[in-house]
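A.B. asks: Here it is, the structure in full.
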Amino acid sequence: MKHNIRENIILSLYNNFKQGGKGLTEPELISMLGKKKEAKGISRELQAMKQYKALNCSKLRYSLNNIAKYHEGTVVKVARGHGFILLNDSEEGEEVFVRGRDFMGALPGDKVLLKIIADKDENNRSCTAVVAAVLEYTDKMLTGTVVDYNGEIRLEPSNFSSPVPLIIVGFGGSAVRVGDKVKFEIKKRGDRHSEHIATITEVFGSSDIARVSVKAYIEEKDIPTEFPEEVIREAREIEKRGIPSSDKAMRTDLRDLPIFTIDGADTKDIDDAISIEKTAKGFKLGVHIADVSNYVKKGTALDKEANRRGTSVYIADMVIPMLPKELSNGICSLNPNEDRLAFSCLMELDDSGEITSYRFVKSLIRSRVKGVYSEVNRILAGEADDALKEKYAEVIEEIPLMNRLAAVLIKNRENRGAPEINSVESKIICDEKGICIDIKARERGVSEQIIEEFMLAANNCAAKVGMNNHIPFVYRIHEPPSAEKLMMLKDTLTAMGIEPKGINESSAAKDLAQLLRDTGEDPRSPIIHRMTLRTMMKAKYSENPLGHFGLVMKEYAHFTSPIRRLADLSIHRILTDYVIGEGSKLEKRYTRFAADNSARATDTELLAVNAERDCEKYYAAEYMKNHIGEQFEGTISGVIGSGIFVELPNTVEGRIDIFNLPEGEYEVRNNIALVETLSNTAYTMGDKVKVTLAAVNVGMGQIDFTLDEHIVV
């Protein structure tokens, strides 16, 4: 695909600069671009770029003006009217905001040369940019929806916004109907998204069905759903072999302990169990994790596939597992009343919740019962009926003890200054056909918090092994927020009329925790929690123990979910060799392994998180399409230059386009309000509104509201 004259000039001058050149003359540019027949056009473009101060010209040599503002990056997202580009030279993985019209038609996955044009955009983001040239065109698959555009069959892309649907020049021999979700490729690129010309290569089905759009998304992101035959064969052989008596004999036998699991009612891949007992000085806590590394051996097809996938992906009622079901739901899953191989973290804690000792052992366990969060919550609330008491008879005395220890651990976390950020997750409910029939805010009860605290304790101990013994390891790290983000939070809070005590460019976690406590009764508290979360860095994996800002822990790793996370499986492999006395070989054996698997685990986690979030929108739209014309109460959850976002109590979020607001001139102020400048009417995050559902596009995951009433908080 060809660049235009301007792009070619910019690329030539940029490459000249990178190579230490002093600029290029007009004849040199004409010769380099091989465009002698277009010499006049090149000359005109040079003069125009010089006039608009895009170029400098000294001693007849042209060079890029403000060369320091040029950066290379990768397009990561293009949405309605805007998008984001990841800067290659940013250590923090900074994403730059770009308006849709400034993309020069660049698509997600394209490598681009961009120019920073401002330090702040209209939404007060850190910087904004324009694409100067596309360096490398992506070959990633694209999806979209077939639409009727003024009587012509055209294509509306899913992953980039085009004001005009694309022209289709080929249908791949498929029968295509309006509304179909399809796979396509760009036959010819234009200078704008709407100027691309497409060829359809595959038809998925109706875009009105969320699961169809999810299937297209999964293919587009290259998320593997089918296991290779060799992987399935290895898994079935392991399942068939079961647990040989020789494996059991070499382990610490913990089957006499009242061990049990607690998970969601529909969980099938159970990878953690607990045991607890009271001692004279405090507690004995056991966290028993499925010994997946015993089955997934280094260099096997299973190992390579786990590395390729990196994590299980959970989308609505569907699971794309990291390991085949023969392992994830079978021999590795800690199913009740079955012998299982585990890797146990055995801890002793005093009455104040401090861990006084810990050790890791390869164990043999037998879970007494498959606990369910909602059921354990009923027991803790004193609401258990006879059937529930009978089910939990073998462990029911341990449940209050669990609650007692967890309460101490929670208090300790608060005392450390860890921010307790309330973020509401969606629970998508589908019928037997996979159609979304309801969406609710996911409830988090006492037993969920108990298990979370116990897993944190085991993860903390695992990291201590790595750090105290100076062995290669995969740590879960969460770095402090940047000074810029902290100051942005302070400025935003001030604009909201909130005095941000303790919030400055070097604020610690305890300062953010205090902010959340101070504003706990504020009706805008959910918005403040959301802004605080966005201020923080994203947690990731690293071979370097940089600590966890959000948990206020120096030592933290992920040990407790090896069925579904590569990071945990990697740690199990390292800890196994450590436990059996291979300490002297660990540095050579695992130094590169830890670095590579940290990077891989981070990349695949990000892919999974985005998939779960993005696909949730398809189901939300599918559910809401049956409620068009109905009125809802909601909260303004976000603002951009082209409109406002509204979140309903059931977690569904939709958009009110600026054209559906009262006529006027609008601007975003302080990153929290869309303001009509003449009347000074401000639509501020946290304000309550009444809206009517106007339109839904399932295939795009879009929900559009109109405003009925605005209630200023």
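Labels for the structure tokens follow display order: chains A, B, ..., residues from 1 in each chain, ligands from 1.
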Just asking: which residues within stretch 240-332 of chain A are strand (DSSP E or B) according to DSSP, as a VMD selection string?
C.D. replies: chain A and resid 252 to 253 260 to 263 272 to 278 282 to 290 311 313 to 315 318 to 320
A.B. asks: So that I can see what lies close to A:Met537, please list as a PyMOL selection string the residues with an atom at most 7 Å from it, counting only C-alpha atoms and leaving out residues fewer than 3 positions away in the same chain.
C.D. replies: chain A and resi 478-481
A.B. asks: So, with only C-alpha atoms as the atoms that count, which of A:Leu46, A:Val287, A:Ile262, A:Val579 lies closest to A:Asn377?
C.D. replies: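 Of A:Leu46, A:Val287, A:Ile262, A:Val579, the one nearest A:Asn377 is A:Ile262, counting only C-alpha atoms.
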A.B. asks: If we count only C-alpha atoms and set the cut-off at 10 Å, which residues sit around A:Phe227, ignoring sequence neighbours fewer than 4 positions away in its own chain? Please answer as a list of chain:residue names.
C.D. replies: A:Val231, A:Ile232, A:Arg233, A:Leu302, A:Glu305, A:Pro321, A:Met322, A:Leu323, A:Pro324
A.B. asks: Within 10 Å of A:Ser58, counting only C-alpha atoms, which residues show up once you throw out same-chain ones fewer than 2 positions away? Write them as a ChimeraX atom specification, please.
C.D. replies: /A:22-25,55-56,60-63
A.B. asks: If you keep C-alpha atoms, can you produce a file of those selected residues as a CSV table (one decimal), in the first residue's frame?
C.D. replies:
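Result went into out38.csv, see below:
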```csv
chain,number,residue,atom,x,y,z
A,22,LYS,CA,21.5,17.2,8.6
A,23,GLY,CA,18.4,17.2,6.4
A,24,LEU,CA,17.7,16.6,2.7
A,25,THR,CA,17.6,18.9,-0.3
A,55,LEU,CA,9.4,21.8,8.0
A,56,ASN,CA,12.5,23.9,8.5
A,60,LEU,CA,18.4,24.4,1.0
A,61,ARG,CA,18.1,21.5,3.3
A,62,TYR,CA,14.7,20.5,4.7
A,63,SER,CA,14.2,19.0,8.1
```
A.B. asks: Restricting the calculation to only C-alpha atoms: of A:Asn415, A:Asn650, A:Asn4, A:Asn294, which residue gets closest to A:Asp577?
C.D. replies: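 When distances to A:Asp577 are compared using only C-alpha atoms, the smallest one comes from A:Asn294.
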A.B. asks: Neighbours of A:Leu707 within 8 Å (only C-alpha atoms; same-chain residues fewer than 2 positions away dropped), as a PyMOL selection string?
C.D. replies: chain A and resi 656+660-661+689-692+705+709-710
A.B. asks: Near A:Tyr475, counting only C-alpha atoms, which residues have an atom at most 9 Å away, once you skip same-chain residues fewer than 4 positions from it, shown as JSON, numbers by chain?
C.D. replies: {"A": [463, 466, 540, 541, 542, 543, 544, 545, 546, 547, 555, 556, 557, 558, 567, 571, 594, 598]}
A.B. asks: Could you write out that same residue set with C-alpha atoms as a PDB file, in the first residue's frame?
C.D. replies:
```
ATOM      1  CA  ALA A 463       7.048 -13.762  47.136  1.00  0.00           C
ATOM      2  CA  GLY A 466      11.724 -15.549  46.090  1.00  0.00           C
ATOM      3  CA  LYS A 540       1.650  -6.350  35.976  1.00  0.00           C
ATOM      4  CA  TYR A 541       4.180  -9.164  36.294  1.00  0.00           C
ATOM      5  CA  SER A 542       7.918  -8.678  36.612  1.00  0.00           C
ATOM      6  CA  GLU A 543      11.053 -10.630  37.455  1.00  0.00           C
ATOM      7  CA  ASN A 544      12.002  -7.687  39.693  1.00  0.00           C
ATOM      8  CA  PRO A 545      10.373  -7.400  43.170  1.00  0.00           C
ATOM      9  CA  LEU A 546       9.154  -3.808  42.981  1.00  0.00           C
ATOM     10  CA  GLY A 547       6.368  -4.210  45.527  1.00  0.00           C
ATOM     11  CA  GLU A 555       6.520  -8.928  48.764  1.00  0.00           C
ATOM     12  CA  TYR A 556       3.749 -10.076  46.470  1.00  0.00           C
ATOM     13  CA  ALA A 557       3.310 -12.703  43.765  1.00  0.00           C
ATOM     14  CA  HIS A 558       0.544 -14.830  42.246  1.00  0.00           C
ATOM     15  CA  ALA A 567       2.311 -16.534  36.228  1.00  0.00           C
ATOM     16  CA  ILE A 571       5.995 -19.804  40.218  1.00  0.00           C
ATOM     17  CA  ALA A 594      11.174 -15.624  34.914  1.00  0.00           C
ATOM     18  CA  SER A 598       6.565 -12.272  33.361  1.00  0.00           C
TER      19      SER A 598
END
```
A.B. asks: Can you list, as a PyMOL selection string, all residues belonging to stretch 179-233 of chain A that DSSP tags as helix (DSSP H, G or I)?
C.D. replies: chain A and resi 193-195+210-220+229-233
